[in-house]
Every structure is written in C-alpha cells, then in structure tokens.
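Enquirer: Structure file upload_1.csv (CSV, C-alpha atoms) right here:
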chain,number,residue,atom,x,y,z
A,14,MET,CA,-44.8,45.8,51.1
A,15,MET,CA,-46.5,44.9,47.8
A,16,LEU,CA,-48.2,48.2,47.6
A,17,PHE,CA,-44.9,50.1,48.1
A,18,ARG,CA,-43.1,47.9,45.6
A,19,LEU,CA,-45.9,48.5,43.1
A,20,MET,CA,-45.7,52.2,43.6
A,21,MET,CA,-41.9,52.2,43.2
A,22,SER,CA,-41.8,49.9,40.1
A,23,LEU,CA,-44.9,50.8,38.1
A,24,PHE,CA,-45.1,54.5,38.3
A,25,LEU,CA,-42.3,56.7,36.9
A,26,PHE,CA,-42.3,60.4,37.2
A,27,CYS,CA,-41.8,61.9,33.8
A,28,ASP,CA,-40.8,65.6,33.8
A,29,THR,CA,-39.7,67.3,30.7
A,30,ASN,CA,-38.5,70.3,32.8
A,31,ALA,CA,-35.8,68.3,34.6
A,32,PRO,CA,-32.7,70.5,35.5
A,33,ALA,CA,-30.2,70.7,32.7
A,34,ASP,CA,-26.5,70.1,33.4
A,35,ASN,CA,-25.8,73.8,33.1
A,36,ARG,CA,-28.3,75.1,35.7
A,37,GLN,CA,-27.3,76.0,39.2
A,38,ILE,CA,-27.9,73.2,41.7
A,39,THR,CA,-29.7,74.2,44.9
A,40,PRO,CA,-28.3,73.2,48.2
A,41,ALA,CA,-30.9,70.5,48.6
A,42,ALA,CA,-30.2,69.0,45.2
A,43,GLY,CA,-26.4,69.2,46.0
A,44,MET,CA,-27.0,66.9,49.0
A,45,LEU,CA,-28.9,64.4,46.8
A,46,ILE,CA,-26.9,64.1,43.6
A,47,ASN,CA,-23.9,61.8,42.9
A,48,ARG,CA,-24.4,59.8,46.1
A,49,GLN,CA,-25.7,56.3,46.5
A,50,TRP,CA,-28.6,56.3,48.9
A,51,VAL,CA,-29.5,53.0,50.6
A,52,MET,CA,-33.1,52.4,51.6
A,53,ILE,CA,-32.7,51.3,55.2
A,54,ASP,CA,-36.4,51.3,56.2
A,55,TYR,CA,-39.9,52.2,55.1
A,56,GLY,CA,-43.3,51.6,56.4
A,57,PHE,CA,-46.7,53.0,57.1
A,58,ASP,CA,-47.2,55.6,59.8
A,59,GLU,CA,-50.4,54.0,61.1
A,60,ASN,CA,-50.7,56.2,64.2
A,61,LEU,CA,-49.7,59.4,62.3
A,62,ASN,CA,-47.0,60.4,64.8
A,63,GLY,CA,-44.5,61.3,62.1
A,64,LYS,CA,-42.2,58.5,63.1
A,65,LEU,CA,-41.6,55.0,61.8
A,66,ASP,CA,-42.2,52.8,64.8
A,67,PRO,CA,-40.8,49.3,64.8
A,68,THR,CA,-44.2,47.7,64.4
A,69,GLU,CA,-44.8,49.9,61.3
A,70,SER,CA,-41.7,48.9,59.4
A,71,ARG,CA,-42.3,46.9,56.2
A,72,ILE,CA,-38.8,46.6,54.7
A,73,GLU,CA,-37.7,43.1,53.8
A,74,ASP,CA,-34.1,41.8,54.0
A,75,CYS,CA,-33.9,41.7,50.2
A,76,GLU,CA,-34.6,45.5,50.0
A,77,LYS,CA,-32.0,46.6,52.6
A,78,ASP,CA,-29.2,46.9,50.0
A,79,ASP,CA,-31.4,48.7,47.4
A,80,THR,CA,-29.6,51.9,46.3
A,81,TYR,CA,-30.9,55.0,44.6
A,82,GLU,CA,-28.6,57.4,42.8
A,83,PHE,CA,-29.8,60.9,41.8
A,84,PHE,CA,-28.0,62.6,38.9
A,85,ARG,CA,-27.7,66.3,38.2
A,86,ASP,CA,-29.8,66.1,35.0
A,87,GLY,CA,-32.9,65.0,36.9
A,88,THR,CA,-32.5,61.3,36.2
A,89,GLY,CA,-31.6,58.5,38.6
A,90,LEU,CA,-31.0,54.8,38.9
A,91,ALA,CA,-32.5,52.4,41.4
A,92,LYS,CA,-30.6,49.1,41.9
A,93,SER,CA,-31.5,45.9,43.7
A,94,ASN,CA,-27.8,45.0,44.2
A,95,ASN,CA,-26.8,41.7,45.8
A,96,PHE,CA,-30.1,40.7,47.3
A,97,SER,CA,-33.0,40.8,44.8
A,98,CYS,CA,-36.6,40.4,45.8
A,99,CYS,CA,-37.1,38.5,42.5
A,100,ASN,CA,-39.4,41.0,40.9
A,101,GLY,CA,-37.4,41.0,37.7
A,102,LEU,CA,-36.3,44.6,38.0
A,103,ASP,CA,-32.6,44.7,39.1
A,104,GLU,CA,-32.1,48.2,37.8
A,105,GLN,CA,-34.7,50.9,37.1
A,106,PRO,CA,-34.1,54.4,35.8
A,107,PHE,CA,-36.3,57.1,37.2
A,108,ARG,CA,-36.8,60.9,36.9
A,109,TRP,CA,-36.8,63.2,39.9
A,110,ARG,CA,-37.3,66.8,40.8
A,111,LEU,CA,-37.3,69.0,43.9
A,112,THR,CA,-40.2,71.3,44.4
A,113,ASP,CA,-41.6,73.6,47.1
A,114,ASN,CA,-38.2,75.3,47.6
A,115,GLY,CA,-36.5,71.9,48.1
A,116,ASN,CA,-39.0,70.7,50.7
A,117,SER,CA,-40.6,68.1,48.4
A,118,LEU,CA,-39.3,65.4,46.1
A,119,GLN,CA,-41.2,64.3,43.0
A,120,LEU,CA,-40.2,60.7,42.5
A,121,PHE,CA,-42.0,57.7,40.9
A,122,ALA,CA,-45.2,59.7,40.2
A,123,GLU,CA,-45.5,60.8,43.8
A,124,THR,CA,-44.7,64.0,45.6
A,125,LEU,CA,-43.0,63.3,48.9
A,126,SER,CA,-42.4,65.7,51.7
A,127,ILE,CA,-38.8,65.8,52.7
A,128,THR,CA,-38.7,65.7,56.5
A,129,ARG,CA,-34.9,65.4,56.8
A,130,LEU,CA,-32.2,65.9,54.2
A,131,THR,CA,-28.5,66.0,55.0
A,132,THR,CA,-25.5,64.6,53.2
A,133,ARG,CA,-26.0,61.5,55.4
A,134,GLU,CA,-29.7,60.9,55.6
A,135,LEU,CA,-32.9,61.4,53.6
A,136,ILE,CA,-36.3,60.9,55.1
A,137,THR,CA,-39.5,61.4,53.1
A,138,TYR,CA,-43.1,61.4,54.2
A,139,LYS,CA,-46.3,60.9,52.1
A,140,THR,CA,-49.7,61.6,53.5
A,141,PRO,CA,-52.5,61.1,53.2
A,142,TRP,CA,-52.3,57.5,52.1
A,143,TYR,CA,-55.4,55.4,52.5
A,144,ILE,CA,-55.5,51.6,53.1
A,145,LYS,CA,-58.9,50.1,53.6
A,146,GLY,CA,-60.3,53.6,54.4
A,147,GLN,CA,-57.6,54.3,57.1
A,148,LYS,CA,-55.6,57.4,56.7
A,149,ILE,CA,-51.9,56.7,57.1
A,150,GLY,CA,-48.5,58.2,56.1
A,151,LEU,CA,-45.7,56.5,54.2
A,152,ILE,CA,-42.2,57.1,55.6
A,153,THR,CA,-39.1,56.1,53.7
A,154,ILE,CA,-35.6,56.4,55.2
A,155,TYR,CA,-32.4,56.4,53.1
A,156,ARG,CA,-28.7,56.7,54.2
A,157,ASN,CA,-25.8,57.8,52.2
A,158,GLN,CA,-23.8,54.6,51.4
A,159,ALA,CA,-20.4,56.4,51.5
A,160,LEU,CA,-20.8,57.7,55.0
Would you mind giving the structure from this file in structure tokens?
Expert:
Amino acid sequence: MMLFRLMMSLFLFCDTNAPADNRQITPAAGMLINRQWVMIDYGFDENLNGKLDPTESRIEDCEKDDTYEFFRDGTGLAKSNNFSCCNGLDEQPFRWRLTDNGNSLQLFAETLSITRLTTRELITYKTPWYIKGQKIGLITIYRNQAL
C-alpha cells in the first residue's frame, strides 16, 4: 500500500503536449473525461494471471471513496473525499494522456496498460513491477461514480 501511495502522490506526469480544448476527443478519452472515477480496488498481481485475486488486494477502507476526474485539457483531480488516509493530500491535481491508440494511459509518471475501459469501468495494468526481485503486475480498478 505504501509503495502505491508513494507512486500516486510523489510522481506527477508532466506533459506539455496535453490535448487542447479545441482538439477532437478520441472515443477512449470520451469515456474518461468529465466523470468521477472511484478507485474500488488495487493490488499486486503476484501470480501474473492478469486478475486481482482477493489475496492480492491492497486497498484500505480510507481509499475506497477516492475519486479521480479526468478533464478534456489533459489535467485531472484526485480527491480523498470523506475518508482520508491522513497523508495530508486531500486533493491533488495531475496530468494525463492516452497513448498507444488509446490502449495506454500515462498518469502519475507511469504508463499503464488499459485492460478495460467502458463508461462504467476502467482497469489498468502495469508490468513489470519488481518487489524484492519478484516480477509482479499492478492492477487498479475504477468505477464511474455516476453509474
């Protein structure tokens, strides 16, 4: 959990080529923007099966109402909302960008593969990730708060 929070709070992706408001929005970006995404789970895919098994989940109760909102101009806002994990960051702006024809999301200085993106659900996968020499994946699952 600490490693994930460190990644999310310390590293911001800075892109001077973020989409301008007058550019055409791709279908993938259209599913992301102007919605509040709630992080419902994340964890390390220790067995590399591409799924987040119950024993691999690392989300804490104070993170289950965290929201992420992606704006058209390539900026976004992460909020802790009602249940803060007491890290002192209740709101944090970020920059984002879709790459690889909408199959990857650059966010918080990381490039994440998008394994699922609908108007209801966003699932990202980051591999390889190494902890104590073990190769693992990082899976994050978000749901659209409005649906």
Enquirer: Of the candidates A:Lys148, A:Asp66, A:Tyr155, A:Cys98, which one gets nearest to A:Ile127 if we count only C-alpha atoms?
Expert: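 Of the candidates, the smallest distance to A:Ile127 is held by A:Tyr155.
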Enquirer: Could you check the closest approach to A:Tyr55 for each of A:Phe121, A:Glu69, A:Ala42, A:Leu90 and tell me which residue wins, using all atoms listed in the file?
Expert: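 When distances to A:Tyr55 are compared using all atoms listed in the file, the smallest one comes from A:Glu69.
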Enquirer: Give me the residues near A:Lys64 as JSON, numbers by chain, where near means some atom within 10 Å (using only C-alpha atoms) and where sequence neighbours in that chain fewer than 3 positions away do not count.
Expert: {"A": [56, 57, 58, 59, 60, 61, 67, 69, 138, 150, 151, 152]}
Enquirer: Identify the residues within 10 Å of coordinate (-27.5, 57.5, 46.4) (same frame as the file), considering all atoms listed in the file, and give the answer as a PyMOL selection string.
Expert: chain A and resi 44-52+79-84+89-91+133+135+155-159
Enquirer: What does the distance between atom CA of A:Leu125 and atom CA of A:Gln105 come to in Å, to one decimal place?
Expert: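 If I compute the distance from atom CA of A:Leu125 to atom CA of A:Gln105, I get 19.0 Å.
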Enquirer: N, CA and C atoms for stretch 41-77 of chain A, written as a PDB file, keeping the file's coordinate frame, could you do that?
Expert:
ATOM      1  N   ALA A  41     -30.245  71.755  48.429  1.00  0.00           N
ATOM      2  CA  ALA A  41     -30.900  70.500  48.600  1.00  0.00           C
ATOM      3  C   ALA A  41     -30.532  69.469  47.557  1.00  0.00           C
ATOM      4  N   ALA A  42     -30.533  69.897  46.306  1.00  0.00           N
ATOM      5  CA  ALA A  42     -30.200  69.000  45.200  1.00  0.00           C
ATOM      6  C   ALA A  42     -28.693  68.599  45.347  1.00  0.00           C
ATOM      7  N   GLY A  43     -27.853  69.525  45.797  1.00  0.00           N
ATOM      8  CA  GLY A  43     -26.400  69.200  46.000  1.00  0.00           C
ATOM      9  C   GLY A  43     -26.223  68.098  47.004  1.00  0.00           C
ATOM     10  N   MET A  44     -27.116  68.002  47.991  1.00  0.00           N
ATOM     11  CA  MET A  44     -27.000  66.900  49.000  1.00  0.00           C
ATOM     12  C   MET A  44     -27.461  65.587  48.397  1.00  0.00           C
ATOM     13  N   LEU A  45     -28.356  65.625  47.396  1.00  0.00           N
ATOM     14  CA  LEU A  45     -28.900  64.400  46.800  1.00  0.00           C
ATOM     15  C   LEU A  45     -28.003  63.783  45.737  1.00  0.00           C
ATOM     16  N   ILE A  46     -27.475  64.639  44.865  1.00  0.00           N
ATOM     17  CA  ILE A  46     -26.900  64.100  43.600  1.00  0.00           C
ATOM     18  C   ILE A  46     -25.495  63.485  43.872  1.00  0.00           C
ATOM     19  N   ASN A  47     -25.209  62.541  42.965  1.00  0.00           N
ATOM     20  CA  ASN A  47     -23.900  61.800  42.900  1.00  0.00           C
ATOM     21  C   ASN A  47     -23.584  61.107  44.203  1.00  0.00           C
ATOM     22  N   ARG A  48     -24.592  60.630  44.875  1.00  0.00           N
ATOM     23  CA  ARG A  48     -24.400  59.800  46.100  1.00  0.00           C
ATOM     24  C   ARG A  48     -25.280  58.559  45.899  1.00  0.00           C
ATOM     25  N   GLN A  49     -24.858  57.478  46.489  1.00  0.00           N
ATOM     26  CA  GLN A  49     -25.700  56.300  46.500  1.00  0.00           C
ATOM     27  C   GLN A  49     -26.429  56.228  47.819  1.00  0.00           C
ATOM     28  N   TRP A  50     -27.743  56.337  47.717  1.00  0.00           N
ATOM     29  CA  TRP A  50     -28.600  56.300  48.900  1.00  0.00           C
ATOM     30  C   TRP A  50     -29.124  54.882  49.061  1.00  0.00           C
ATOM     31  N   VAL A  51     -28.973  54.329  50.247  1.00  0.00           N
ATOM     32  CA  VAL A  51     -29.500  53.000  50.600  1.00  0.00           C
ATOM     33  C   VAL A  51     -30.758  53.127  51.331  1.00  0.00           C
ATOM     34  N   MET A  52     -31.790  52.435  50.863  1.00  0.00           N
ATOM     35  CA  MET A  52     -33.100  52.400  51.600  1.00  0.00           C
ATOM     36  C   MET A  52     -32.884  51.535  52.807  1.00  0.00           C
ATOM     37  N   ILE A  53     -32.913  52.127  53.996  1.00  0.00           N
ATOM     38  CA  ILE A  53     -32.700  51.300  55.200  1.00  0.00           C
ATOM     39  C   ILE A  53     -34.006  50.941  55.888  1.00  0.00           C
ATOM     40  N   ASP A  54     -35.071  51.680  55.574  1.00  0.00           N
ATOM     41  CA  ASP A  54     -36.400  51.300  56.200  1.00  0.00           C
ATOM     42  C   ASP A  54     -37.483  52.086  55.488  1.00  0.00           C
ATOM     43  N   TYR A  55     -38.648  51.518  55.513  1.00  0.00           N
ATOM     44  CA  TYR A  55     -39.900  52.200  55.100  1.00  0.00           C
ATOM     45  C   TYR A  55     -41.040  51.506  55.753  1.00  0.00           C
ATOM     46  N   GLY A  56     -42.136  52.218  55.810  1.00  0.00           N
ATOM     47  CA  GLY A  56     -43.300  51.600  56.400  1.00  0.00           C
ATOM     48  C   GLY A  56     -44.451  52.641  56.452  1.00  0.00           C
ATOM     49  N   PHE A  57     -45.552  52.211  57.000  1.00  0.00           N
ATOM     50  CA  PHE A  57     -46.700  53.000  57.100  1.00  0.00           C
ATOM     51  C   PHE A  57     -46.926  53.576  58.480  1.00  0.00           C
ATOM     52  N   ASP A  58     -46.989  54.895  58.574  1.00  0.00           N
ATOM     53  CA  ASP A  58     -47.200  55.600  59.800  1.00  0.00           C
ATOM     54  C   ASP A  58     -48.647  55.481  60.234  1.00  0.00           C
ATOM     55  N   GLU A  59     -49.008  54.348  60.793  1.00  0.00           N
ATOM     56  CA  GLU A  59     -50.400  54.000  61.100  1.00  0.00           C
ATOM     57  C   GLU A  59     -50.992  54.929  62.175  1.00  0.00           C
ATOM     58  N   ASN A  60     -50.170  55.365  63.135  1.00  0.00           N
ATOM     59  CA  ASN A  60     -50.700  56.200  64.200  1.00  0.00           C
ATOM     60  C   ASN A  60     -50.451  57.696  63.925  1.00  0.00           C
ATOM     61  N   LEU A  61     -49.942  58.010  62.733  1.00  0.00           N
ATOM     62  CA  LEU A  61     -49.700  59.400  62.300  1.00  0.00           C
ATOM     63  C   LEU A  61     -48.923  60.242  63.260  1.00  0.00           C
ATOM     64  N   ASN A  62     -47.898  59.637  63.876  1.00  0.00           N
ATOM     65  CA  ASN A  62     -47.000  60.400  64.800  1.00  0.00           C
ATOM     66  C   ASN A  62     -45.801  60.950  64.110  1.00  0.00           C
ATOM     67  N   GLY A  63     -45.664  60.729  62.804  1.00  0.00           N
ATOM     68  CA  GLY A  63     -44.500  61.300  62.100  1.00  0.00           C
ATOM     69  C   GLY A  63     -43.257  60.480  62.192  1.00  0.00           C
ATOM     70  N   LYS A  64     -43.319  59.347  62.874  1.00  0.00           N
ATOM     71  CA  LYS A  64     -42.200  58.500  63.100  1.00  0.00           C
ATOM     72  C   LYS A  64     -42.480  57.087  62.579  1.00  0.00           C
ATOM     73  N   LEU A  65     -41.442  56.357  62.225  1.00  0.00           N
ATOM     74  CA  LEU A  65     -41.600  55.000  61.800  1.00  0.00           C
ATOM     75  C   LEU A  65     -41.325  54.093  63.031  1.00  0.00           C
ATOM     76  N   ASP A  66     -42.375  53.664  63.684  1.00  0.00           N
ATOM     77  CA  ASP A  66     -42.200  52.800  64.800  1.00  0.00           C
ATOM     78  C   ASP A  66     -41.872  51.388  64.387  1.00  0.00           C
ATOM     79  N   PRO A  67     -41.194  50.601  65.231  1.00  0.00           N
ATOM     80  CA  PRO A  67     -40.800  49.300  64.800  1.00  0.00           C
ATOM     81  C   PRO A  67     -41.907  48.379  64.297  1.00  0.00           C
ATOM     82  N   THR A  68     -43.093  48.502  64.844  1.00  0.00           N
ATOM     83  CA  THR A  68     -44.200  47.700  64.400  1.00  0.00           C
ATOM     84  C   THR A  68     -44.763  48.152  63.023  1.00  0.00           C
ATOM     85  N   GLU A  69     -44.349  49.332  62.565  1.00  0.00           N
ATOM     86  CA  GLU A  69     -44.800  49.900  61.300  1.00  0.00           C
ATOM     87  C   GLU A  69     -43.899  49.622  60.136  1.00  0.00           C
ATOM     88  N   SER A  70     -42.701  49.131  60.403  1.00  0.00           N
ATOM     89  CA  SER A  70     -41.700  48.900  59.400  1.00  0.00           C
ATOM     90  C   SER A  70     -42.153  47.753  58.442  1.00  0.00           C
ATOM     91  N   ARG A  71     -41.927  47.933  57.152  1.00  0.00           N
ATOM     92  CA  ARG A  71     -42.300  46.900  56.200  1.00  0.00           C
ATOM     93  C   ARG A  71     -41.156  46.459  55.296  1.00  0.00           C
ATOM     94  N   ILE A  72     -39.928  46.928  55.567  1.00  0.00           N
ATOM     95  CA  ILE A  72     -38.800  46.600  54.700  1.00  0.00           C
ATOM     96  C   ILE A  72     -38.443  45.106  54.890  1.00  0.00           C
ATOM     97  N   GLU A  73     -38.104  44.472  53.777  1.00  0.00           N
ATOM     98  CA  GLU A  73     -37.700  43.100  53.800  1.00  0.00           C
ATOM     99  C   GLU A  73     -36.157  43.037  53.629  1.00  0.00           C
ATOM    100  N   ASP A  74     -35.543  41.937  54.046  1.00  0.00           N
ATOM    101  CA  ASP A  74     -34.100  41.800  54.000  1.00  0.00           C
ATOM    102  C   ASP A  74     -33.570  42.041  52.552  1.00  0.00           C
ATOM    103  N   CYS A  75     -34.307  41.578  51.549  1.00  0.00           N
ATOM    104  CA  CYS A  75     -33.900  41.700  50.200  1.00  0.00           C
ATOM    105  C   CYS A  75     -33.884  43.167  49.683  1.00  0.00           C
ATOM    106  N   GLU A  76     -34.514  44.065  50.423  1.00  0.00           N
ATOM    107  CA  GLU A  76     -34.600  45.500  50.000  1.00  0.00           C
ATOM    108  C   GLU A  76     -33.527  46.327  50.760  1.00  0.00           C
ATOM    109  N   LYS A  77     -32.879  45.770  51.761  1.00  0.00           N
ATOM    110  CA  LYS A  77     -32.000  46.600  52.600  1.00  0.00           C
ATOM    111  C   LYS A  77     -30.681  46.957  51.923  1.00  0.00           C
TER     112      LYS A  77
END
